[in-house]
$ cat protein.cif   # mmCIF, C-alpha atoms
data_target
#
loop_
_atom_site.label_atom_id
_atom_site.label_comp_id
_atom_site.auth_asym_id
_atom_site.auth_seq_id
_atom_site.Cartn_x
_atom_site.Cartn_y
_atom_site.Cartn_z
CA MET A 1 0.00 0.00 0.00
CA ARG A 2 1.39 3.38 -1.00
CA MET A 3 1.06 5.93 1.78
CA PRO A 4 1.79 9.67 1.63
CA PHE A 5 3.87 11.37 4.29
CA ARG A 6 5.46 14.58 5.43
CA ARG A 7 8.70 15.17 7.28
CA SER A 8 8.37 15.25 11.06
CA PRO A 9 10.63 16.85 13.69
CA GLY A 10 12.69 14.59 15.92
CA LEU A 11 12.67 16.61 19.11
CA ALA A 12 10.00 14.75 21.09
CA LEU A 13 9.74 11.46 22.95
CA LEU A 14 7.11 8.81 22.51
CA LEU A 15 4.77 10.25 25.12
CA LEU A 16 4.43 13.44 23.16
CA LEU A 17 3.77 11.48 20.00
CA LEU A 18 1.11 9.38 21.66
CA LEU A 19 -0.70 12.15 23.42
CA ILE A 20 -0.47 15.49 21.65
CA GLY A 21 -3.52 16.36 19.56
CA THR A 22 -5.09 19.38 17.93
CA ARG A 23 -6.58 22.58 19.23
CA PRO A 24 -9.56 22.67 21.61
CA SER A 25 -12.79 24.42 20.65
CA ALA A 26 -16.23 25.06 21.98
CA ALA A 27 -19.16 22.77 21.19
CA GLN A 28 -21.55 23.67 18.34
CA THR A 29 -25.33 23.69 18.33
CA GLY A 30 -27.31 22.79 15.23
CA PRO A 31 -30.71 21.73 13.91
CA ASP A 32 -32.43 18.69 15.36
CA SER A 33 -32.77 17.06 11.95
CA LEU A 34 -30.80 17.12 8.71
CA SER A 35 -32.45 17.84 5.38
CA HIS A 36 -32.41 15.46 2.41
CA GLN A 37 -29.62 17.57 0.93
CA ALA A 38 -27.21 16.64 3.72
CA GLN A 39 -24.01 14.76 3.06
CA ILE A 40 -21.57 12.95 5.38
CA SER A 41 -17.90 12.39 4.56
CA LEU A 42 -14.75 10.97 6.08
CA LEU A 43 -11.86 13.43 5.97
CA THR A 44 -8.27 12.15 5.93
CA ILE A 45 -5.63 14.77 6.66
CA LEU A 46 -2.17 13.62 5.64
CA PRO A 47 0.84 13.80 7.98
CA GLY A 48 2.50 17.15 8.58
CA ASP A 49 5.64 18.61 10.10
CA ALA A 50 4.37 19.11 13.66
CA VAL A 51 4.78 16.33 16.21
CA TYR A 52 1.05 15.88 16.74
CA SER A 53 0.52 15.51 12.98
CA LEU A 54 3.13 12.80 12.50
CA PHE A 55 0.74 9.98 11.57
CA GLY A 56 -2.06 11.97 9.95
CA HIS A 57 -5.54 12.73 11.20
CA SER A 58 -9.17 11.84 10.54
CA ALA A 59 -12.45 13.66 11.03
CA ILE A 60 -16.08 13.45 9.94
CA ARG A 61 -17.62 16.21 7.85
CA ILE A 62 -21.35 16.86 7.84
CA GLN A 63 -22.72 19.47 5.46
CA ASP A 64 -26.33 20.49 4.93
CA PRO A 65 -26.89 23.42 2.54
CA ALA A 66 -30.53 23.72 3.58
CA HIS A 67 -29.45 24.60 7.14
CA GLY A 68 -26.20 26.38 6.21
CA LEU A 69 -24.30 23.71 8.14
CA ASP A 70 -20.77 22.56 7.28
CA TRP A 71 -18.96 21.11 10.30
CA THR A 72 -16.17 18.70 11.10
CA TYR A 73 -16.34 16.37 14.10
CA ASN A 74 -12.88 15.82 15.54
CA TYR A 75 -12.00 13.28 18.26
CA GLY A 76 -8.39 14.42 18.36
CA THR A 77 -8.71 17.47 20.63
CA PHE A 78 -7.55 18.05 24.18
CA ASP A 79 -7.47 20.92 26.63
CA PHE A 80 -3.88 21.91 27.43
CA GLY A 81 -5.07 23.65 30.59
CA ASP A 82 -2.53 24.05 33.38
CA PRO A 83 0.92 22.79 32.28
CA LEU A 84 1.60 21.67 35.86
CA THR A 85 -1.22 19.14 35.60
CA PHE A 86 -1.11 18.52 31.84
CA VAL A 87 2.47 17.21 31.76
CA PRO A 88 1.99 14.60 34.53
CA LYS A 89 -1.27 13.48 32.93
CA PHE A 90 0.21 12.70 29.55
CA ALA A 91 3.36 11.24 31.15
CA TYR A 92 1.27 8.78 33.15
CA GLY A 93 -1.15 8.06 30.30
CA ARG A 94 -4.14 9.67 31.99
CA LEU A 95 -4.90 12.43 29.51
CA ASP A 96 -8.47 12.60 28.23
CA TYR A 97 -9.26 13.66 24.66
CA PHE A 98 -12.64 14.93 23.54
CA LEU A 99 -14.88 15.38 20.53
CA SER A 100 -14.97 18.92 19.20
CA VAL A 101 -17.10 20.44 16.45
CA LYS A 102 -15.64 23.08 14.15
CA SER A 103 -16.31 24.87 10.90
CA PHE A 104 -15.07 22.92 7.88
CA ALA A 105 -13.74 26.10 6.25
CA ARG A 106 -11.77 26.88 9.41
CA GLU A 107 -10.29 23.39 9.45
CA VAL A 108 -9.22 23.61 5.82
CA ARG A 109 -7.57 26.96 6.46
CA PHE A 110 -5.62 25.55 9.35
CA TYR A 111 -4.56 22.22 7.85
CA TRP A 112 -3.74 23.63 4.44
CA GLN A 113 -2.75 27.29 4.82
CA VAL A 114 -0.95 26.87 8.14
CA GLU A 115 0.33 23.27 8.05
CA ARG A 116 0.33 22.64 4.28
CA ARG A 117 -1.24 19.22 4.71
CA PRO A 118 -3.23 17.61 1.86
CA ILE A 119 -6.82 16.62 2.61
CA LEU A 120 -8.84 13.77 1.07
CA GLU A 121 -12.61 13.37 1.38
CA GLN A 122 -14.66 10.18 1.06
CA VAL A 123 -18.35 10.93 0.53
CA LEU A 124 -20.45 8.19 2.14
CA THR A 125 -23.34 6.29 0.60
CA LEU A 126 -26.00 6.79 3.28
CA THR A 127 -29.75 7.12 3.21
CA PRO A 128 -31.36 10.21 4.79
CA ASP A 129 -32.31 8.12 7.83
CA GLN A 130 -28.77 6.79 8.16
CA ARG A 131 -27.31 10.28 7.89
CA GLN A 132 -29.68 11.41 10.61
CA GLN A 133 -28.59 8.54 12.84
CA VAL A 134 -24.91 9.43 12.45
CA TYR A 135 -25.62 13.12 13.00
CA ALA A 136 -27.72 12.47 16.13
CA PHE A 137 -25.04 10.20 17.55
CA LEU A 138 -22.30 12.79 17.02
CA GLN A 139 -24.39 15.63 18.43
CA THR A 140 -25.12 13.61 21.55
CA ASN A 141 -21.50 12.54 21.85
CA ALA A 142 -20.35 16.17 21.57
CA LEU A 143 -22.28 17.22 24.70
CA PRO A 144 -19.97 18.26 27.55
CA GLU A 145 -20.96 15.28 29.68
CA ASN A 146 -20.30 12.79 26.84
CA ARG A 147 -17.44 14.10 24.76
CA TYR A 148 -14.41 13.06 26.84
CA TYR A 149 -12.65 9.70 26.49
CA ARG A 150 -9.38 8.16 27.66
CA TYR A 151 -7.03 8.34 24.68
CA ASP A 152 -5.04 5.28 23.61
CA PHE A 153 -2.76 5.71 20.60
CA PHE A 154 -3.15 2.17 19.26
CA PHE A 155 -6.65 1.19 20.32
CA ASP A 156 -8.82 4.25 20.95
CA ASN A 157 -7.84 7.41 19.10
CA CYS A 158 -9.17 10.03 16.69
CA SER A 159 -9.13 7.49 13.86
CA THR A 160 -10.64 4.37 15.45
CA ARG A 161 -13.41 6.45 17.02
CA LEU A 162 -14.81 7.34 13.59
CA ARG A 163 -15.24 3.70 12.62
CA ASP A 164 -16.85 3.13 16.01
CA VAL A 165 -19.25 6.02 15.33
CA MET A 166 -20.45 4.35 12.14
CA GLU A 167 -20.96 1.02 13.87
CA ALA A 168 -22.71 2.54 16.89
CA ALA A 169 -25.03 4.71 14.78
CA LEU A 170 -25.81 2.26 11.96
CA GLY A 171 -25.55 -1.05 13.81
CA GLU A 172 -25.91 -4.09 11.55
CA ASN A 173 -26.42 -1.88 8.50
CA VAL A 174 -22.69 -1.30 8.10
CA ARG A 175 -19.92 -3.86 7.67
CA PHE A 176 -16.18 -3.37 7.76
CA ALA A 177 -14.34 -6.12 5.92
CA ALA A 178 -11.08 -7.70 7.10
CA MET A 179 -9.21 -5.51 4.62
CA PRO A 180 -6.65 -4.24 4.06
CA ASP A 181 -4.46 -6.84 5.74
CA PRO A 182 -1.52 -4.90 7.22
CA ASP A 183 0.67 -8.02 7.60
CA ALA A 184 2.84 -6.12 10.10
CA SER A 185 3.16 -5.41 13.80
CA PHE A 186 1.98 -2.19 15.40
CA ARG A 187 5.62 -1.09 15.63
CA HIS A 188 6.43 -1.77 11.99
CA LEU A 189 3.27 -0.04 10.81
CA LEU A 190 4.81 3.18 12.15
CA ASP A 191 8.11 2.80 10.32
CA PRO A 192 7.04 4.28 6.93
CA TYR A 193 5.99 7.48 8.72
CA LEU A 194 9.44 7.86 10.28
CA VAL A 195 11.66 7.56 7.22
CA GLU A 196 12.49 11.25 7.34
CA ASP A 197 13.38 11.31 11.03
CA PRO A 198 15.60 8.34 11.97
CA PHE A 199 16.33 9.67 15.47
CA LEU A 200 12.62 9.78 16.23
CA ASP A 201 12.35 6.24 14.89
CA LEU A 202 15.14 5.20 17.28
CA GLY A 203 13.44 6.92 20.23
CA MET A 204 10.11 5.23 19.58
CA ASP A 205 11.71 1.81 19.17
CA LEU A 206 13.53 2.26 22.47
CA LEU A 207 10.40 3.21 24.39
CA LEU A 208 7.86 0.81 22.88
CA GLY A 209 7.52 -2.54 24.60
CA THR A 210 6.75 -5.99 23.27
CA PRO A 211 2.95 -5.37 23.11
CA ALA A 212 3.73 -3.22 20.06
CA ASP A 213 5.28 -6.24 18.32
CA ARG A 214 2.07 -8.23 18.01
CA GLU A 215 0.79 -8.36 14.43
CA ALA A 216 -2.08 -5.92 14.01
CA SER A 217 -5.35 -7.11 12.51
CA SER A 218 -7.02 -5.20 9.69
CA ARG A 219 -9.37 -3.68 12.25
CA GLU A 220 -6.59 -2.70 14.64
CA ALA A 221 -4.54 -1.11 11.83
CA ALA A 222 -7.25 1.55 11.56
CA TYR A 223 -5.50 3.44 14.36
CA LEU A 224 -3.59 4.99 11.44
CA PRO A 225 -5.78 7.37 9.38
CA MET A 226 -4.58 6.03 6.02
CA TYR A 227 -5.62 2.52 7.03
CA LEU A 228 -8.96 3.85 8.23
CA LYS A 229 -9.41 5.43 4.81
CA GLU A 230 -8.81 2.07 3.14
CA ALA A 231 -11.08 0.33 5.66
CA PHE A 232 -13.88 2.68 4.57
CA ASP A 233 -13.07 1.87 0.93
CA HIS A 234 -13.69 -1.84 1.65
CA ALA A 235 -16.74 -1.32 3.89
CA THR A 236 -20.37 -1.80 2.80
CA VAL A 237 -23.68 -0.32 3.91
CA ARG A 238 -27.21 -1.74 3.54
CA ARG A 239 -29.54 0.45 1.52
CA ASP A 240 -33.00 -0.63 0.42
CA GLY A 241 -32.22 -4.24 1.28
CA THR A 242 -28.99 -4.42 -0.71
CA TRP A 243 -25.35 -4.04 0.32
CA GLN A 244 -23.51 -1.21 -1.38
CA PRO A 245 -20.04 0.31 -1.00
CA LEU A 246 -19.90 2.67 1.97
CA VAL A 247 -17.87 5.19 -0.03
CA ALA A 248 -19.68 6.76 -2.97
CA ARG A 249 -16.68 8.73 -4.24
CA THR A 250 -13.34 10.13 -3.11
CA ASP A 251 -12.49 13.79 -3.65
CA THR A 252 -9.28 15.75 -3.17
CA VAL A 253 -9.99 18.83 -1.08
CA VAL A 254 -6.43 20.17 -1.30
CA TRP A 255 -3.26 18.48 -2.55
CA SER A 256 0.46 18.98 -2.92
CA GLU A 257 2.71 16.30 -4.36
CA ALA A 258 5.69 17.72 -2.51
CA ALA A 259 3.80 17.62 0.79
CA ALA A 260 2.72 14.02 0.21
CA THR A 261 6.05 12.52 -0.85
CA PRO A 262 8.59 11.43 1.77
CA VAL A 263 12.31 11.94 1.32
CA PRO A 264 14.09 9.24 3.35
CA SER A 265 16.91 10.47 5.54
CA PRO A 266 20.26 8.68 5.87
CA PRO A 267 20.43 6.27 8.84
CA TRP A 268 22.16 8.79 11.10
CA PRO A 269 21.67 6.86 14.38
CA GLN A 270 23.36 3.76 12.95
CA LEU A 271 26.19 5.80 11.45
CA LEU A 272 26.69 7.63 14.74
CA GLY A 273 26.57 4.39 16.72
CA TRP A 274 29.16 2.63 14.57
CA GLY A 275 31.34 5.74 14.62
CA LEU A 276 31.26 5.79 18.43
CA LEU A 277 32.05 2.08 18.49
CA ALA A 278 35.09 2.65 16.26
CA LEU A 279 36.24 5.42 18.60
CA GLY A 280 35.70 3.25 21.66
CA LEU A 281 37.58 0.33 20.10
CA GLY A 282 40.44 2.63 19.19
CA LEU A 283 40.69 3.93 22.74
CA SER A 284 40.55 0.42 24.17
CA VAL A 285 43.26 -0.92 21.86
CA ARG A 286 45.49 2.02 22.71
CA ASP A 287 44.91 1.46 26.43
CA LEU A 288 45.72 -2.25 26.11
CA ARG A 289 49.01 -1.44 24.45
CA ARG A 290 49.98 1.06 27.13
CA GLY A 291 49.04 -1.31 29.95
CA PRO A 292 48.51 -0.07 33.54
CA LYS A 293 49.84 3.37 32.66
CA ALA A 294 47.03 3.99 30.20
CA PRO A 295 45.00 7.11 30.99
CA GLN A 296 41.40 6.56 32.02
CA ARG A 297 38.63 7.43 29.57
CA ARG A 298 36.32 8.41 32.39
CA TRP A 299 34.51 11.18 30.52
CA PHE A 300 33.87 8.98 27.50
CA ASP A 301 32.65 6.11 29.67
CA ALA A 302 30.59 8.38 31.93
CA VAL A 303 28.74 9.80 28.92
CA LEU A 304 28.21 6.30 27.49
CA PHE A 305 26.77 4.84 30.69
CA GLY A 306 24.91 8.07 31.47
CA VAL A 307 23.03 8.00 28.17
CA ALA A 308 22.22 4.31 28.65
CA GLY A 309 21.02 5.11 32.17
CA VAL A 310 18.71 7.90 31.01
CA ALA A 311 17.21 5.55 28.41
CA GLY A 312 16.75 2.91 31.09
CA LEU A 313 15.10 5.37 33.45
CA LEU A 314 12.55 6.37 30.80
CA ILE A 315 11.91 2.74 29.90
CA ALA A 316 11.44 1.77 33.56
CA PHE A 317 9.05 4.67 34.15
CA LEU A 318 6.92 3.87 31.09
CA TRP A 319 6.85 0.18 32.00
CA GLY A 320 6.37 0.31 35.74
CA LEU A 321 4.59 3.56 36.52
CA SER A 322 2.71 4.82 33.47
CA GLU A 323 -0.60 3.45 32.23
CA HIS A 324 0.57 3.14 28.62
CA ALA A 325 0.00 -0.51 27.74
CA VAL A 326 2.30 -0.48 24.71
CA THR A 327 5.37 0.46 26.76
CA LYS A 328 5.28 -2.60 29.02
CA ASP A 329 7.69 -5.56 28.83
CA ASN A 330 10.46 -3.59 27.16
CA VAL A 331 13.42 -5.82 26.26
CA ASP A 332 15.77 -2.81 26.05
CA LEU A 333 15.79 -2.80 29.83
CA LEU A 334 18.05 -5.86 29.64
CA TRP A 335 20.97 -3.59 28.76
CA ALA A 336 19.78 -0.04 29.51
CA TRP A 337 19.81 -0.17 33.30
CA PRO A 338 18.61 2.94 35.17
CA THR A 339 21.45 2.32 37.64
CA HIS A 340 23.92 3.17 34.87
CA LEU A 341 23.29 6.79 35.85
CA ILE A 342 24.85 6.10 39.25
CA ALA A 343 27.79 4.35 37.60
CA ALA A 344 28.26 7.33 35.30
CA GLY A 345 28.48 9.67 38.26
CA LEU A 346 30.96 7.44 40.07
CA LEU A 347 33.15 7.19 36.99
CA LEU A 348 33.74 10.93 37.20
CA ARG A 349 35.09 10.71 40.76
CA ARG A 350 38.78 10.32 41.48
CA SER A 351 38.16 7.69 44.13
CA ARG A 352 35.58 5.06 43.26
CA PRO A 353 34.17 2.13 45.23
CA ALA A 354 35.64 -1.30 44.59
CA TRP A 355 32.25 -2.76 43.68
CA LEU A 356 31.98 -0.48 40.64
CA ARG A 357 34.46 -2.67 38.81
CA GLY A 358 32.19 -5.70 39.21
CA TYR A 359 29.12 -3.67 38.28
CA LEU A 360 30.64 -2.49 35.00
CA GLY A 361 31.73 -6.04 34.25
CA ALA A 362 28.18 -7.26 34.85
CA ALA A 363 26.81 -4.50 32.61
CA ALA A 364 29.22 -5.58 29.88
CA LEU A 365 28.12 -9.20 30.31
CA ALA A 366 24.42 -8.26 30.07
CA ALA A 367 25.01 -6.24 26.92
CA GLY A 368 27.04 -9.09 25.48
CA LEU A 369 24.21 -11.57 26.09
CA VAL A 370 21.82 -9.33 24.15
CA VAL A 371 24.35 -9.18 21.31
CA VAL A 372 24.74 -12.98 21.25
CA THR A 373 20.96 -13.43 21.17
CA TRP A 374 20.41 -10.50 18.78
CA MET A 375 18.43 -12.63 16.32
CA LEU A 376 15.83 -13.26 19.03
CA TRP A 377 14.98 -9.56 19.20
CA PRO A 378 14.06 -8.49 15.64
CA PHE A 379 12.27 -5.43 16.99
CA LEU A 380 15.43 -3.89 18.49
CA HIS A 381 16.59 -0.86 16.53
CA PRO A 382 19.73 -1.46 14.41
CA ALA A 383 21.44 1.53 16.06
CA VAL A 384 21.33 -0.32 19.39
CA LEU A 385 23.79 -3.00 18.24
CA PRO A 386 26.92 -0.79 18.12
CA ILE A 387 25.98 0.74 21.48
CA LEU A 388 25.71 -2.74 22.96
CA LEU A 389 29.13 -3.63 21.60
CA LEU A 390 30.52 -0.40 22.99
CA LEU A 391 29.12 -1.23 26.45
CA VAL A 392 30.77 -4.64 26.19
CA VAL A 393 34.14 -3.15 25.25
CA ARG A 394 34.22 -0.22 27.67
CA GLY A 395 32.51 -2.00 30.56
CA GLY A 396 34.71 -5.02 30.08
CA ALA A 397 37.81 -2.81 30.14
CA TYR A 398 37.21 -2.18 33.84
CA ALA A 399 37.01 -5.89 34.57
CA VAL A 400 40.39 -6.88 33.10
CA PRO A 401 42.98 -7.69 35.77
CA PHE A 402 45.68 -5.26 34.72
CA GLN A 403 43.53 -2.12 34.82
CA ASP A 404 42.05 -1.47 38.24
CA ALA A 405 40.32 1.64 37.00
CA THR A 406 37.69 1.77 39.69
CA ASN A 407 39.78 2.43 42.76
CA GLN A 408 43.03 3.89 41.48
CA ALA A 409 43.69 7.38 40.30
CA SER A 410 45.09 7.90 36.83
CA PRO A 411 48.76 8.92 36.40
CA GLU A 412 47.64 12.45 35.62
CA GLU A 413 45.53 12.58 38.81
CA ALA A 414 48.40 11.13 40.87
CA GLU A 415 50.77 13.81 39.58
CA GLU A 416 48.20 16.48 40.43
CA THR A 417 47.89 15.09 43.98
CA VAL A 418 51.68 15.20 44.49
CA ALA A 419 51.93 18.70 43.10
CA ASN A 420 49.05 19.91 45.30
CA PRO A 421 49.25 17.95 48.58
CA ALA A 422 46.37 18.25 50.98
CA PRO A 423 47.01 20.64 53.92
#
$ encode --input "protein.cif" --output "structure tokens"
Amino acid sequence: MRMPFRRSPGLALLLLLLLIGTRPSAAQTGPDSLSHQAQISLLTILPGDAVYSLFGHSAIRIQDPAHGLDWTYNYGTFDFGDPLTFVPKFAYGRLDYFLSVKSFAREVRFYWQVERRPILEQVLTLTPDQRQQVYAFLQTNALPENRYYRYDFFFDNCSTRLRDVMEAALGENVRFAAMPDPDASFRHLLDPYLVEDPFLDLGMDLLLGTPADREASSREAAYLPMYLKEAFDHATVRRDGTWQPLVARTDTVVWSEAAATPVPSPPWPQLLGWGLLALGLGLSVRDLRRGPKAPQRRWFDAVLFGVAGVAGLLIAFLWGLSEHAVTKDNVDLLWAWPTHLIAAGLLLRRSRPAWLRGYLGAAALAAGLVVVTWMLWPFLHPAVLPILLLLVVRGGAYAVPFQDATNQASPEEAEETVANPAP
């Protein structure tokens, strides 16, 4: 399946990707009943540059010329509110989204004139009664007491809600076929949207757990707007006793080939990882040749273990404390230990505890085991492999007999101590 994309920034972590939505707005009031001129459509807004627009967006459009009505119903809105409460909510996975109703013309101005995002429209084949049922359901759902829901990026988001609306309003009169078959896991379904931002791809792979590696069904794949669009293309609706395609026609509201065509970026994380590994190997070989007099690479090692520790801390938080189901059971915690942050701090001290040597050796062993069993973890990002090897090399350097780097000062530090004796 060919999917259009836009470049996305790589300055946000997974939580922001999972939880940031569009702008809040006030609820709309409208007529009790639609006229026979009314029309209902599914809008698919292609991915954009902003973080919240990374995977595209979906909305329902209802227009009724007889009543001067032309609105979009959007389940992807949230109230930013107080940042002191907003940030903890989305970090813990407790942020509620809500259904908002906005002018279609206003939405087009924002998505196209501001964000330069193409918009596709699928006009639905519905009878007047069926259109009324969908409209009544959305109007009721948009009431303040009904419009909020607990957002879940994979299973309950602005895209899946629109399919659910059709099923709730039309009941047995609408059928969604088991098509298209994604033949991919939840994690891999995201990959085509990240070709222009490899660092963001690395960050998401690090923070997603094994629940994201289950193969998604055709129904579950509709969490991505482009798959929802195709699901509507394969759906049918019962009219006058016969089953007909749910989509009558597909229109292009606004389009830009440049905005819809991805330009893959070089694999910078892998290149950086292998470059760091080459540097680390070079330092280790030089140290081996110089023997016990080799200078310590404490800053290099402190940064290495510090970065691994930060990754481990985020992984542990998302697994153990947050309510995000897709960040549980994260295999990266086998090598990215949160305690590496403590080791990084101790590596910067002149005098270090004797147990640190054993700890770094154990860390090297753990990383080595992941390397040896690499084929068992196909979901690990390729950029992780050189980092694992680097942890093996640099952590193992502290465990070799000739270099007691954990409790002895370097020659440079010893000279400094002699030159500046303590009073």
$ atom_distance --input "protein.cif" --atom1 "atom CA of Val310 of chain A" --atom2 "atom CA of Leu281 of chain A"
23.1 Å
$ residues_near_point --input "protein.cif" --point "(-16.0, 7.4, 3.0)" --cutoff "6 Å" --atoms "all atoms listed in the file" --output "list in words"
Ser41, Leu42, Gln122, Val123, Leu124, Phe232 and Val247 of chain A
$ write_last_selection --input "protein.cif" --atoms "C-alpha atoms" --output "compact mmCIF listing (two decimals), keeping the file's coordinate frame"
# COMPACT_ATOMS: atom_id res chain seq x y z
CA SER A 41 -17.90 12.39 4.56
CA LEU A 42 -14.75 10.97 6.08
CA GLN A 122 -14.66 10.18 1.06
CA VAL A 123 -18.35 10.93 0.53
CA LEU A 124 -20.45 8.19 2.14
CA PHE A 232 -13.88 2.68 4.57
CA VAL A 247 -17.87 5.19 -0.03
$ residues_around --input "protein.cif" --residues "Phe176 of chain A" --least-positions-apart "6" --cutoff "12 Å" --atoms "only C-alpha atoms" --output "NGL selection string"
:A and (163-164 or 166-167 or 170 or 218-220 or 222 or 228-238 or 243-247)
$ atom_distance --input "protein.cif" --atom1 "atom CA of Val331 of chain A" --atom2 "atom CA of Leu200 of chain A"
18.6 Å
$ resolve_selection --input "protein.cif" --expression "the PyMOL selection byres ((chain A and resi 201-208) around 7)" --output "list in words"
Leu13, Leu14, Leu194, Asp197, Pro198, Phe199, Leu200, Gly209, Thr210, Ala212, Ile315, Val326, Thr327, Asn330, Asp332, Leu380 and His381 of chain A
$ write_last_selection --input "protein.cif" --atoms "C-alpha atoms" --output "PDB file, keeping the file's coordinate frame"
ATOM      1  CA  LEU A  13       9.740  11.460  22.950  1.00  0.00           C
ATOM      2  CA  LEU A  14       7.110   8.810  22.510  1.00  0.00           C
ATOM      3  CA  LEU A 194       9.440   7.860  10.280  1.00  0.00           C
ATOM      4  CA  ASP A 197      13.380  11.310  11.030  1.00  0.00           C
ATOM      5  CA  PRO A 198      15.600   8.340  11.970  1.00  0.00           C
ATOM      6  CA  PHE A 199      16.330   9.670  15.470  1.00  0.00           C
ATOM      7  CA  LEU A 200      12.620   9.780  16.230  1.00  0.00           C
ATOM      8  CA  GLY A 209       7.520  -2.540  24.600  1.00  0.00           C
ATOM      9  CA  THR A 210       6.750  -5.990  23.270  1.00  0.00           C
ATOM     10  CA  ALA A 212       3.730  -3.220  20.060  1.00  0.00           C
ATOM     11  CA  ILE A 315      11.910   2.740  29.900  1.00  0.00           C
ATOM     12  CA  VAL A 326       2.300  -0.480  24.710  1.00  0.00           C
ATOM     13  CA  THR A 327       5.370   0.460  26.760  1.00  0.00           C
ATOM     14  CA  ASN A 330      10.460  -3.590  27.160  1.00  0.00           C
ATOM     15  CA  ASP A 332      15.770  -2.810  26.050  1.00  0.00           C
ATOM     16  CA  LEU A 380      15.430  -3.890  18.490  1.00  0.00           C
ATOM     17  CA  HIS A 381      16.590  -0.860  16.530  1.00  0.00           C
TER      18      HIS A 381
END
$ residues_around --input "protein.cif" --residues "segment 343-347 of chain A" --least-positions-apart "3" --cutoff "12 Å" --atoms "only C-alpha atoms" --output "count of residues only"
42
$ residues_around --input "protein.cif" --residues "Val372 of chain A" --least-positions-apart "4" --cutoff "12 Å" --atoms "all atoms listed in the file" --output "list in words"
Leu365, Ala366, Ala367, Gly368, Leu376, Trp377, Leu385, Leu388, Leu389 and Val392 of chain A
$ axis_aligned_box --input "protein.cif" --around "segment 304-323 of chain A" --padding-each-side "5 Å" --output "JSON"
{"center_x": 13.8, "center_y": 4.1, "center_z": 32.0, "size_x": 38.8, "size_y": 17.9, "size_z": 19.0}
$ atom_distance --input "protein.cif" --atom1 "atom CA of Gly320 of chain A" --atom2 "atom CA of Lys89 of chain A"
15.5 Å
